[in-house]
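See below for my_file21.cif, which holds mmCIF, C-alpha atoms.
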data_data
#
loop_
_atom_site.label_atom_id
_atom_site.label_comp_id
_atom_site.auth_asym_id
_atom_site.auth_seq_id
_atom_site.Cartn_x
_atom_site.Cartn_y
_atom_site.Cartn_z
CA MET A 1 9.90 -8.63 6.84
CA SER A 2 7.08 -10.87 7.97
CA GLU A 3 3.63 -10.53 6.49
CA ALA A 4 2.17 -9.98 9.94
CA LYS A 5 4.07 -6.73 10.20
CA LYS A 6 1.81 -4.13 8.67
CA ARG A 7 3.43 -2.42 5.75
CA PRO A 8 1.80 0.30 3.65
CA THR A 9 -0.21 -0.73 0.61
CA ARG A 10 1.94 -0.33 -2.47
CA LEU A 11 1.02 1.00 -5.89
CA ALA A 12 3.38 0.43 -8.79
CA MET A 13 2.58 2.23 -11.98
CA ILE A 14 4.03 2.61 -15.44
CA ALA A 15 3.26 5.87 -17.23
CA SER A 16 3.89 5.32 -20.93
CA LYS A 17 1.88 8.04 -22.63
CA GLY A 18 2.72 11.68 -23.16
CA THR A 19 -0.48 13.39 -24.21
CA LEU A 20 -2.40 15.86 -22.07
CA ASP A 21 -5.37 13.55 -21.55
CA TRP A 22 -3.25 10.50 -20.74
CA GLY A 23 -1.01 12.49 -18.45
CA TYR A 24 -3.85 12.82 -15.96
CA PRO A 25 -4.51 9.22 -14.87
CA PRO A 26 -0.99 8.50 -13.56
CA PHE A 27 -0.74 11.75 -11.59
CA ILE A 28 -4.32 11.58 -10.27
CA LEU A 29 -3.93 8.00 -9.11
CA ALA A 30 -0.41 8.45 -7.76
CA SER A 31 -1.21 11.58 -5.74
CA THR A 32 -4.47 10.14 -4.40
CA ALA A 33 -2.85 6.83 -3.50
CA ALA A 34 -0.17 8.70 -1.56
CA ALA A 35 -2.91 10.73 0.17
CA LEU A 36 -4.42 7.39 1.16
CA ASP A 37 -1.10 6.51 2.83
CA MET A 38 0.04 4.19 0.08
CA GLU A 39 3.62 3.85 -1.07
CA VAL A 40 3.75 4.82 -4.72
CA CYS A 41 6.24 4.51 -7.53
CA VAL A 42 5.58 5.71 -11.08
CA PHE A 43 7.97 4.51 -13.74
CA HIS A 44 8.00 6.91 -16.69
CA THR A 45 8.94 5.24 -19.91
CA PHE A 46 8.73 6.15 -23.59
CA TYR A 47 6.30 9.04 -24.05
CA GLY A 48 5.53 9.01 -20.32
CA LEU A 49 8.91 10.69 -19.87
CA LEU A 50 7.36 13.87 -21.22
CA LEU A 51 5.33 14.09 -18.00
CA LEU A 52 8.57 14.78 -16.15
CA LYS A 53 9.72 17.72 -18.27
CA LYS A 54 10.31 20.98 -16.44
CA LYS A 55 7.84 22.75 -18.66
CA LEU A 56 4.87 20.66 -19.69
CA LYS A 57 3.70 21.30 -23.22
CA LEU A 58 1.48 18.30 -23.64
CA LYS A 59 -1.18 18.20 -26.30
CA ILE A 60 -4.08 15.96 -27.11
CA SER A 61 -4.61 14.28 -30.41
CA ALA A 62 -8.18 13.83 -31.53
CA HIS A 63 -7.02 11.87 -34.55
CA GLY A 64 -7.65 8.15 -34.28
CA ASN A 65 -9.69 8.67 -31.13
CA PRO A 66 -13.32 8.48 -32.21
CA ALA A 67 -14.46 8.19 -28.57
CA MET A 68 -13.23 11.67 -27.74
CA PRO A 69 -16.06 14.12 -27.29
CA MET A 70 -15.24 17.75 -27.80
CA LYS A 71 -16.80 20.30 -25.50
CA MET A 72 -17.07 24.01 -26.08
CA PRO A 73 -16.04 25.86 -22.89
CA PHE A 74 -18.16 28.93 -23.73
CA GLY A 75 -21.74 29.88 -24.60
CA PRO A 76 -25.02 28.82 -22.97
CA LYS A 77 -25.10 25.62 -20.89
CA ALA A 78 -27.04 23.62 -23.50
CA PHE A 79 -24.34 24.51 -26.04
CA GLN A 80 -21.56 23.59 -23.62
CA ASP A 81 -23.21 20.25 -22.92
CA ILE A 82 -23.08 19.13 -26.54
CA ASN A 83 -20.56 16.43 -27.34
CA TRP A 84 -19.22 17.42 -30.72
CA PRO A 85 -18.24 14.46 -32.85
CA ILE A 86 -14.98 15.03 -34.66
CA PRO A 87 -14.62 13.39 -38.07
CA ASN A 88 -11.17 12.00 -38.82
CA VAL A 89 -11.11 13.97 -42.04
CA LEU A 90 -10.98 17.12 -39.93
CA THR A 91 -8.48 15.93 -37.33
CA ALA A 92 -6.13 14.73 -40.04
CA ASN A 93 -6.33 17.64 -42.41
CA VAL A 94 -7.11 20.85 -40.60
CA PRO A 95 -3.83 22.55 -39.68
CA GLY A 96 -3.60 23.39 -36.00
CA PHE A 97 -6.50 21.11 -35.08
CA ASN A 98 -4.65 19.45 -32.19
CA MET A 99 -3.62 22.81 -30.83
CA MET A 100 -7.21 24.01 -30.90
CA ALA A 101 -8.52 20.79 -29.34
CA THR A 102 -5.82 21.04 -26.64
CA GLY A 103 -6.82 24.62 -25.87
CA LEU A 104 -10.49 23.68 -25.60
CA MET A 105 -9.75 20.74 -23.32
CA LYS A 106 -7.56 22.85 -21.02
CA LYS A 107 -10.28 25.49 -20.77
CA THR A 108 -12.96 22.89 -20.06
CA PHE A 109 -10.79 21.28 -17.36
CA LYS A 110 -10.21 24.63 -15.71
CA LYS A 111 -13.89 25.48 -15.80
CA LYS A 112 -14.75 22.15 -14.19
CA GLY A 113 -12.32 22.70 -11.34
CA VAL A 114 -9.88 20.04 -12.51
CA ALA A 115 -6.31 20.54 -11.34
CA THR A 116 -3.57 21.24 -13.85
CA LEU A 117 -1.06 18.48 -14.48
CA GLU A 118 1.60 20.66 -12.86
CA THR A 119 -0.43 20.90 -9.66
CA LEU A 120 -1.02 17.15 -9.52
CA ARG A 121 2.64 16.46 -10.17
CA GLU A 122 3.60 18.87 -7.40
CA SER A 123 1.19 17.04 -5.06
CA CYS A 124 2.79 13.73 -6.00
CA LEU A 125 6.21 15.00 -4.97
CA GLU A 126 4.90 16.64 -1.78
CA LEU A 127 3.23 13.39 -0.77
CA GLY A 128 6.37 11.35 -1.36
CA VAL A 129 5.52 9.61 -4.62
CA LYS A 130 8.63 8.19 -6.21
CA LEU A 131 8.89 9.30 -9.83
CA VAL A 132 11.36 7.30 -11.86
CA GLY A 133 12.59 8.16 -15.35
CA CYS A 134 13.48 5.30 -17.66
CA GLN A 135 17.17 5.72 -18.43
CA MET A 136 17.03 3.72 -21.64
CA THR A 137 14.24 5.82 -23.23
CA MET A 138 16.00 8.97 -22.08
CA ASP A 139 19.07 7.90 -24.02
CA VAL A 140 16.98 7.00 -27.06
CA PHE A 141 15.08 10.31 -27.05
CA GLY A 142 18.13 12.35 -26.13
CA PHE A 143 16.85 13.57 -22.75
CA THR A 144 19.08 14.23 -19.78
CA ALA A 145 18.21 14.76 -16.12
CA ASP A 146 18.49 18.50 -16.85
CA ASP A 147 15.32 18.29 -18.93
CA PHE A 148 13.32 17.04 -15.98
CA ILE A 149 12.04 18.42 -12.69
CA GLU A 150 13.94 18.02 -9.43
CA GLY A 151 13.21 14.99 -7.33
CA VAL A 152 13.12 12.39 -10.09
CA ASP A 153 15.03 9.13 -9.73
CA TYR A 154 16.45 7.23 -12.67
CA GLY A 155 16.61 3.55 -13.43
CA GLY A 156 15.55 0.74 -15.69
CA ALA A 157 13.31 -2.27 -15.86
CA ALA A 158 14.90 -4.00 -12.88
CA THR A 159 14.39 -0.91 -10.71
CA PHE A 160 10.67 -0.89 -11.46
CA LEU A 161 10.25 -4.64 -11.15
CA GLU A 162 11.95 -4.77 -7.78
CA PHE A 163 9.39 -2.30 -6.44
CA ALA A 164 6.49 -3.93 -8.33
CA ALA A 165 7.38 -7.35 -6.97
CA GLU A 166 6.18 -6.19 -3.57
CA ALA A 167 3.24 -4.15 -4.87
CA ASP A 168 -0.42 -4.71 -4.12
CA ILE A 169 -1.62 -2.77 -7.15
CA THR A 170 0.16 -2.62 -10.47
CA LEU A 171 -1.01 -0.48 -13.35
CA PHE A 172 0.22 0.16 -16.85
CA ILE A 173 -1.05 3.42 -18.27
CA MET B 1 -17.63 20.56 20.58
CA GLU B 2 -14.66 22.75 19.65
CA LYS B 3 -14.78 24.85 16.51
CA PRO B 4 -13.50 22.91 13.51
CA GLN B 5 -10.91 24.22 11.09
CA GLU B 6 -12.59 24.99 7.75
CA LEU B 7 -11.45 23.83 4.33
CA ASP B 8 -13.28 25.11 1.27
CA CYS B 9 -13.09 22.70 -1.67
CA ARG B 10 -16.17 24.01 -3.45
CA GLY B 11 -15.77 24.12 -7.22
CA LEU B 12 -12.83 21.71 -7.15
CA ASN B 13 -12.94 18.40 -8.91
CA CYS B 14 -11.43 14.97 -8.24
CA PRO B 15 -8.89 14.41 -6.75
CA LEU B 16 -8.34 17.91 -5.35
CA PRO B 17 -10.77 17.69 -2.37
CA VAL B 18 -8.98 14.55 -1.14
CA LEU B 19 -5.51 16.01 -1.72
CA LYS B 20 -6.35 19.27 0.03
CA THR B 21 -7.96 17.41 2.92
CA LYS B 22 -4.83 15.30 3.33
CA LYS B 23 -2.65 18.41 3.28
CA ALA B 24 -4.81 20.22 5.84
CA LEU B 25 -4.92 17.22 8.18
CA ALA B 26 -1.14 16.96 8.10
CA THR B 27 -0.85 20.37 9.78
CA MET B 28 -3.33 19.54 12.57
CA LYS B 29 -2.98 18.02 16.00
CA ALA B 30 -4.62 14.84 17.29
CA GLY B 31 -8.21 15.42 18.33
CA GLU B 32 -8.73 18.53 16.24
CA LEU B 33 -11.64 18.77 13.81
CA LEU B 34 -11.57 19.60 10.11
CA ARG B 35 -14.73 20.59 8.26
CA VAL B 36 -14.49 20.27 4.49
CA THR B 37 -17.05 21.64 2.04
CA ALA B 38 -17.19 20.42 -1.55
CA THR B 39 -19.45 20.50 -4.59
CA ASP B 40 -18.00 17.46 -6.36
CA PRO B 41 -20.62 14.69 -6.07
CA GLY B 42 -17.80 12.14 -6.36
CA SER B 43 -16.46 13.40 -3.04
CA VAL B 44 -19.22 11.51 -1.19
CA ALA B 45 -17.72 8.14 -2.02
CA ASP B 46 -14.14 9.43 -2.10
CA MET B 47 -14.11 11.04 1.34
CA ALA B 48 -15.54 7.86 2.87
CA ALA B 49 -12.84 5.82 1.12
CA PHE B 50 -10.19 8.29 2.27
CA SER B 51 -11.38 7.90 5.86
CA ARG B 52 -11.37 4.09 5.69
CA ARG B 53 -7.92 3.88 4.12
CA THR B 54 -6.19 6.43 6.33
CA GLY B 55 -8.06 5.71 9.55
CA VAL B 56 -8.90 9.39 10.00
CA ALA B 57 -12.41 9.35 11.46
CA LEU B 58 -15.17 10.88 9.38
CA ILE B 59 -17.49 11.79 12.23
CA GLU B 60 -20.15 13.66 10.30
CA SER B 61 -21.15 14.26 6.69
CA GLY B 62 -24.12 15.53 4.78
CA GLN B 63 -25.42 17.86 2.14
CA ALA B 64 -27.14 21.24 2.14
CA ASP B 65 -28.07 23.30 -0.93
CA GLY B 66 -25.89 21.29 -3.26
CA VAL B 67 -22.85 21.59 -1.00
CA TYR B 68 -21.45 18.49 0.67
CA PHE B 69 -19.73 18.69 4.01
CA TYR B 70 -17.43 16.33 5.87
CA VAL B 71 -16.14 16.59 9.42
CA PHE B 72 -12.95 14.70 10.19
CA ARG B 73 -11.34 14.18 13.56
CA VAL B 74 -7.57 13.86 13.46
#
What do you get writing this file as structure tokens?
Amino acid sequence: MSEAKKRPTRLAMIASKGTLDWGYPPFILASTAAALDMEVCVFHTFYGLLLLKKKLKLKISAHGNPAMPMKMPFGPKAFQDINWPIPNVLTANVPGFNMMATGLMKKTFKKKGVATLETLRESCLELGVKLVGCQMTMDVFGFTADDFIEGVDYGGAATFLEFAAEADITLFI
Amino acid sequence: MEKPQELDCRGLNCPLPVLKTKKALATMKAGELLRVTATDPGSVADMAAFSRRTGVALIESGQADGVYFYVFRV
């Protein structure tokens, strides 16, 4: 195909993380890019595979993430606006801390009108985003296509690189 | 001017206003108008970018009482 022929802008993305917070950027960017008439492929590898599971049970981990502010999704506005620092000694030693932090983040997201990951993923599929599961990591982690939602393609490094070779934007998340 | 179709995106955050706008536009015919309302301040820049990238004309936009509005022509 000649360059003069207008082809859609292409976004190639690798989703490599499987926490609740890091699940957002790939699905936000992929769905929005598709809404902007771009051709999008997201290659899910390693922990990014978890974003394709039928039932998402992603959590956040505050441990080792000193930049993460914690918000309280209840109480007066001034209280809700406080960014609570979270000492590592707490995140490492308090049982159930990640579960609590995950719950608080989900509530805050909902309150702020942020879509759920499921909704964004659904939008991706509706808008024609190609979601690819990394076959190698699936084998390593013991996942099969049955673990994942409908509409996912499977492949390896060459599959992604072939698409990325013609991409205008390439992101590793 | 004909009456625009309304899309309420108030209270929704990025990227939902853009995604819902795209979805609504897909069901409309050429020449029809879509009026979107939103409270997300980021939608000001995002809706303009959406219009430039997709070529769907943003013929009017503004703000009243903390609510932003955008009128698109398919």
What does the distance between atom CA of Lys17 of chain A and atom CA of Ala157 of chain A come to in Å, to one decimal place?
->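 Answer for the atom CA of Lys17 of chain A to atom CA of Ala157 of chain A separation: 16.8 Å.
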Starting from 8 Å padding per side, set up an axis-aligned box that covers all listed atoms of segment 18-24 of chain B and hand over centre and edge lengths in Å, one decimal, as JSON.
{"center_x": -5.8, "center_y": 17.4, "center_z": 2.1, "size_x": 22.3, "size_y": 21.7, "size_z": 23.6}
Residues returned when the PyMOL selection byres ((chain A and resi 29) around 12) runs on this file, as a PyMOL selection string = (chain A and resi 11-15+22-28+30-36+38-42+120-121+123-124+129+169-173) or (chain B and resi 14-16+18-19)
Please determine the contact residues of chain B with respect to chain A at a cut-off of 9 Å, counting all atoms listed in the file, and supply them as an mmCIF file with C-alpha atoms, keeping the file's coordinate frame.
data_model
loop_
_atom_site.group_PDB
_atom_site.id
_atom_site.type_symbol
_atom_site.label_atom_id
_atom_site.label_comp_id
_atom_site.auth_asym_id
_atom_site.auth_seq_id
_atom_site.Cartn_x
_atom_site.Cartn_y
_atom_site.Cartn_z
ATOM 1 C CA ARG B 10 -16.170 24.010 -3.450
ATOM 2 C CA GLY B 11 -15.770 24.120 -7.220
ATOM 3 C CA LEU B 12 -12.830 21.710 -7.150
ATOM 4 C CA ASN B 13 -12.940 18.400 -8.910
ATOM 5 C CA CYS B 14 -11.430 14.970 -8.240
ATOM 6 C CA PRO B 15 -8.890 14.410 -6.750
ATOM 7 C CA LEU B 16 -8.340 17.910 -5.350
ATOM 8 C CA VAL B 18 -8.980 14.550 -1.140
ATOM 9 C CA LEU B 19 -5.510 16.010 -1.720
ATOM 10 C CA THR B 21 -7.960 17.410 2.920
ATOM 11 C CA LYS B 22 -4.830 15.300 3.330
ATOM 12 C CA LYS B 23 -2.650 18.410 3.280
ATOM 13 C CA ALA B 49 -12.840 5.820 1.120
ATOM 14 C CA PHE B 50 -10.190 8.290 2.270
ATOM 15 C CA SER B 51 -11.380 7.900 5.860
ATOM 16 C CA ARG B 52 -11.370 4.090 5.690
ATOM 17 C CA ARG B 53 -7.920 3.880 4.120
ATOM 18 C CA THR B 54 -6.190 6.430 6.330
#
Apply the PyMOL selection byres ((chain B and resi 41) around 12) to the displayed file and report the matching residues as a list in words.
->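 Checking the PyMOL selection byres ((chain B and resi 41) around 12) against this file, the residues are Cys9, Arg10, Gly11, Leu12, Asn13, Cys14, Pro15, Pro17, Thr37, Ala38, Thr39, Asp40, Gly42, Ser43, Val44, Ala45, Asp46, Met47, Gly62, Gln63, Gly66, Val67, Tyr68 and Phe69 of chain B.
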Write a file of the just-selected residues containing C-alpha atoms, as an mmCIF file, keeping the file's coordinate frame.
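Result file result_18.cif:
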data_model
loop_
_atom_site.group_PDB
_atom_site.id
_atom_site.type_symbol
_atom_site.label_atom_id
_atom_site.label_comp_id
_atom_site.auth_asym_id
_atom_site.auth_seq_id
_atom_site.Cartn_x
_atom_site.Cartn_y
_atom_site.Cartn_z
ATOM 1 C CA CYS B 9 -13.090 22.700 -1.670
ATOM 2 C CA ARG B 10 -16.170 24.010 -3.450
ATOM 3 C CA GLY B 11 -15.770 24.120 -7.220
ATOM 4 C CA LEU B 12 -12.830 21.710 -7.150
ATOM 5 C CA ASN B 13 -12.940 18.400 -8.910
ATOM 6 C CA CYS B 14 -11.430 14.970 -8.240
ATOM 7 C CA PRO B 15 -8.890 14.410 -6.750
ATOM 8 C CA PRO B 17 -10.770 17.690 -2.370
ATOM 9 C CA THR B 37 -17.050 21.640 2.040
ATOM 10 C CA ALA B 38 -17.190 20.420 -1.550
ATOM 11 C CA THR B 39 -19.450 20.500 -4.590
ATOM 12 C CA ASP B 40 -18.000 17.460 -6.360
ATOM 13 C CA GLY B 42 -17.800 12.140 -6.360
ATOM 14 C CA SER B 43 -16.460 13.400 -3.040
ATOM 15 C CA VAL B 44 -19.220 11.510 -1.190
ATOM 16 C CA ALA B 45 -17.720 8.140 -2.020
ATOM 17 C CA ASP B 46 -14.140 9.430 -2.100
ATOM 18 C CA MET B 47 -14.110 11.040 1.340
ATOM 19 C CA GLY B 62 -24.120 15.530 4.780
ATOM 20 C CA GLN B 63 -25.420 17.860 2.140
ATOM 21 C CA GLY B 66 -25.890 21.290 -3.260
ATOM 22 C CA VAL B 67 -22.850 21.590 -1.000
ATOM 23 C CA TYR B 68 -21.450 18.490 0.670
ATOM 24 C CA PHE B 69 -19.730 18.690 4.010
#
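Taking all atoms listed in the file into account, Tyr47 of chain A lies nearest to A:Gly133 out of the set A:Pro69, A:Gly133, A:Pro8, A:Pro87.
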Hey, could you patch up segment 39-60 of chain B with N, CA and C atoms and hand it over as a PDB file, in the coordinates of the input?
ATOM      1  N   THR B  39     -18.292  20.591  -3.687  1.00  0.00           N
ATOM      2  CA  THR B  39     -19.450  20.500  -4.590  1.00  0.00           C
ATOM      3  C   THR B  39     -19.333  19.292  -5.520  1.00  0.00           C
ATOM      4  N   ASP B  40     -18.203  18.637  -5.511  1.00  0.00           N
ATOM      5  CA  ASP B  40     -18.000  17.460  -6.360  1.00  0.00           C
ATOM      6  C   ASP B  40     -18.807  16.288  -5.808  1.00  0.00           C
ATOM      7  N   PRO B  41     -19.804  15.800  -6.579  1.00  0.00           N
ATOM      8  CA  PRO B  41     -20.620  14.690  -6.070  1.00  0.00           C
ATOM      9  C   PRO B  41     -19.786  13.425  -5.826  1.00  0.00           C
ATOM     10  N   GLY B  42     -18.685  13.292  -6.552  1.00  0.00           N
ATOM     11  CA  GLY B  42     -17.800  12.140  -6.360  1.00  0.00           C
ATOM     12  C   GLY B  42     -17.137  12.148  -4.994  1.00  0.00           C
ATOM     13  N   SER B  43     -17.131  13.308  -4.345  1.00  0.00           N
ATOM     14  CA  SER B  43     -16.460  13.400  -3.040  1.00  0.00           C
ATOM     15  C   SER B  43     -17.185  12.588  -1.968  1.00  0.00           C
ATOM     16  N   VAL B  44     -18.474  12.289  -2.192  1.00  0.00           N
ATOM     17  CA  VAL B  44     -19.220  11.510  -1.190  1.00  0.00           C
ATOM     18  C   VAL B  44     -18.560  10.143  -0.997  1.00  0.00           C
ATOM     19  N   ALA B  45     -18.359   9.451  -2.106  1.00  0.00           N
ATOM     20  CA  ALA B  45     -17.720   8.140  -2.020  1.00  0.00           C
ATOM     21  C   ALA B  45     -16.232   8.274  -1.693  1.00  0.00           C
ATOM     22  N   ASP B  46     -15.586   9.291  -2.259  1.00  0.00           N
ATOM     23  CA  ASP B  46     -14.140   9.430  -2.100  1.00  0.00           C
ATOM     24  C   ASP B  46     -13.722   9.781  -0.667  1.00  0.00           C
ATOM     25  N   MET B  47     -14.472  10.659  -0.023  1.00  0.00           N
ATOM     26  CA  MET B  47     -14.110  11.040   1.340  1.00  0.00           C
ATOM     27  C   MET B  47     -14.285   9.862   2.295  1.00  0.00           C
ATOM     28  N   ALA B  48     -15.322   9.052   2.040  1.00  0.00           N
ATOM     29  CA  ALA B  48     -15.540   7.860   2.870  1.00  0.00           C
ATOM     30  C   ALA B  48     -14.381   6.882   2.683  1.00  0.00           C
ATOM     31  N   ALA B  49     -13.960   6.717   1.420  1.00  0.00           N
ATOM     32  CA  ALA B  49     -12.840   5.820   1.120  1.00  0.00           C
ATOM     33  C   ALA B  49     -11.555   6.351   1.760  1.00  0.00           C
ATOM     34  N   PHE B  50     -11.363   7.655   1.676  1.00  0.00           N
ATOM     35  CA  PHE B  50     -10.190   8.290   2.270  1.00  0.00           C
ATOM     36  C   PHE B  50     -10.141   7.998   3.779  1.00  0.00           C
ATOM     37  N   SER B  51     -11.302   8.139   4.419  1.00  0.00           N
ATOM     38  CA  SER B  51     -11.380   7.900   5.860  1.00  0.00           C
ATOM     39  C   SER B  51     -11.056   6.439   6.185  1.00  0.00           C
ATOM     40  N   ARG B  52     -11.612   5.518   5.426  1.00  0.00           N
ATOM     41  CA  ARG B  52     -11.370   4.090   5.690  1.00  0.00           C
ATOM     42  C   ARG B  52      -9.908   3.719   5.479  1.00  0.00           C
ATOM     43  N   ARG B  53      -9.296   4.259   4.424  1.00  0.00           N
ATOM     44  CA  ARG B  53      -7.920   3.880   4.120  1.00  0.00           C
ATOM     45  C   ARG B  53      -6.926   4.491   5.103  1.00  0.00           C
ATOM     46  N   THR B  54      -7.174   5.748   5.492  1.00  0.00           N
ATOM     47  CA  THR B  54      -6.190   6.430   6.330  1.00  0.00           C
ATOM     48  C   THR B  54      -6.472   6.257   7.820  1.00  0.00           C
ATOM     49  N   GLY B  55      -7.707   5.859   8.146  1.00  0.00           N
ATOM     50  CA  GLY B  55      -8.060   5.710   9.550  1.00  0.00           C
ATOM     51  C   GLY B  55      -8.416   7.027  10.219  1.00  0.00           C
ATOM     52  N   VAL B  56      -8.457   8.106   9.439  1.00  0.00           N
ATOM     53  CA  VAL B  56      -8.900   9.390  10.000  1.00  0.00           C
ATOM     54  C   VAL B  56     -10.424   9.361  10.067  1.00  0.00           C
ATOM     55  N   ALA B  57     -10.971   9.540  11.263  1.00  0.00           N
ATOM     56  CA  ALA B  57     -12.410   9.350  11.460  1.00  0.00           C
ATOM     57  C   ALA B  57     -13.230  10.425  10.771  1.00  0.00           C
ATOM     58  N   LEU B  58     -14.185   9.973   9.983  1.00  0.00           N
ATOM     59  CA  LEU B  58     -15.170  10.880   9.380  1.00  0.00           C
ATOM     60  C   LEU B  58     -16.370  10.846  10.323  1.00  0.00           C
ATOM     61  N   ILE B  59     -16.489  11.882  11.164  1.00  0.00           N
ATOM     62  CA  ILE B  59     -17.490  11.790  12.230  1.00  0.00           C
ATOM     63  C   ILE B  59     -18.844  12.345  11.823  1.00  0.00           C
ATOM     64  N   GLU B  60     -18.861  13.128  10.747  1.00  0.00           N
ATOM     65  CA  GLU B  60     -20.150  13.660  10.300  1.00  0.00           C
ATOM     66  C   GLU B  60     -20.042  14.036   8.826  1.00  0.00           C
TER      67      GLU B  60
END
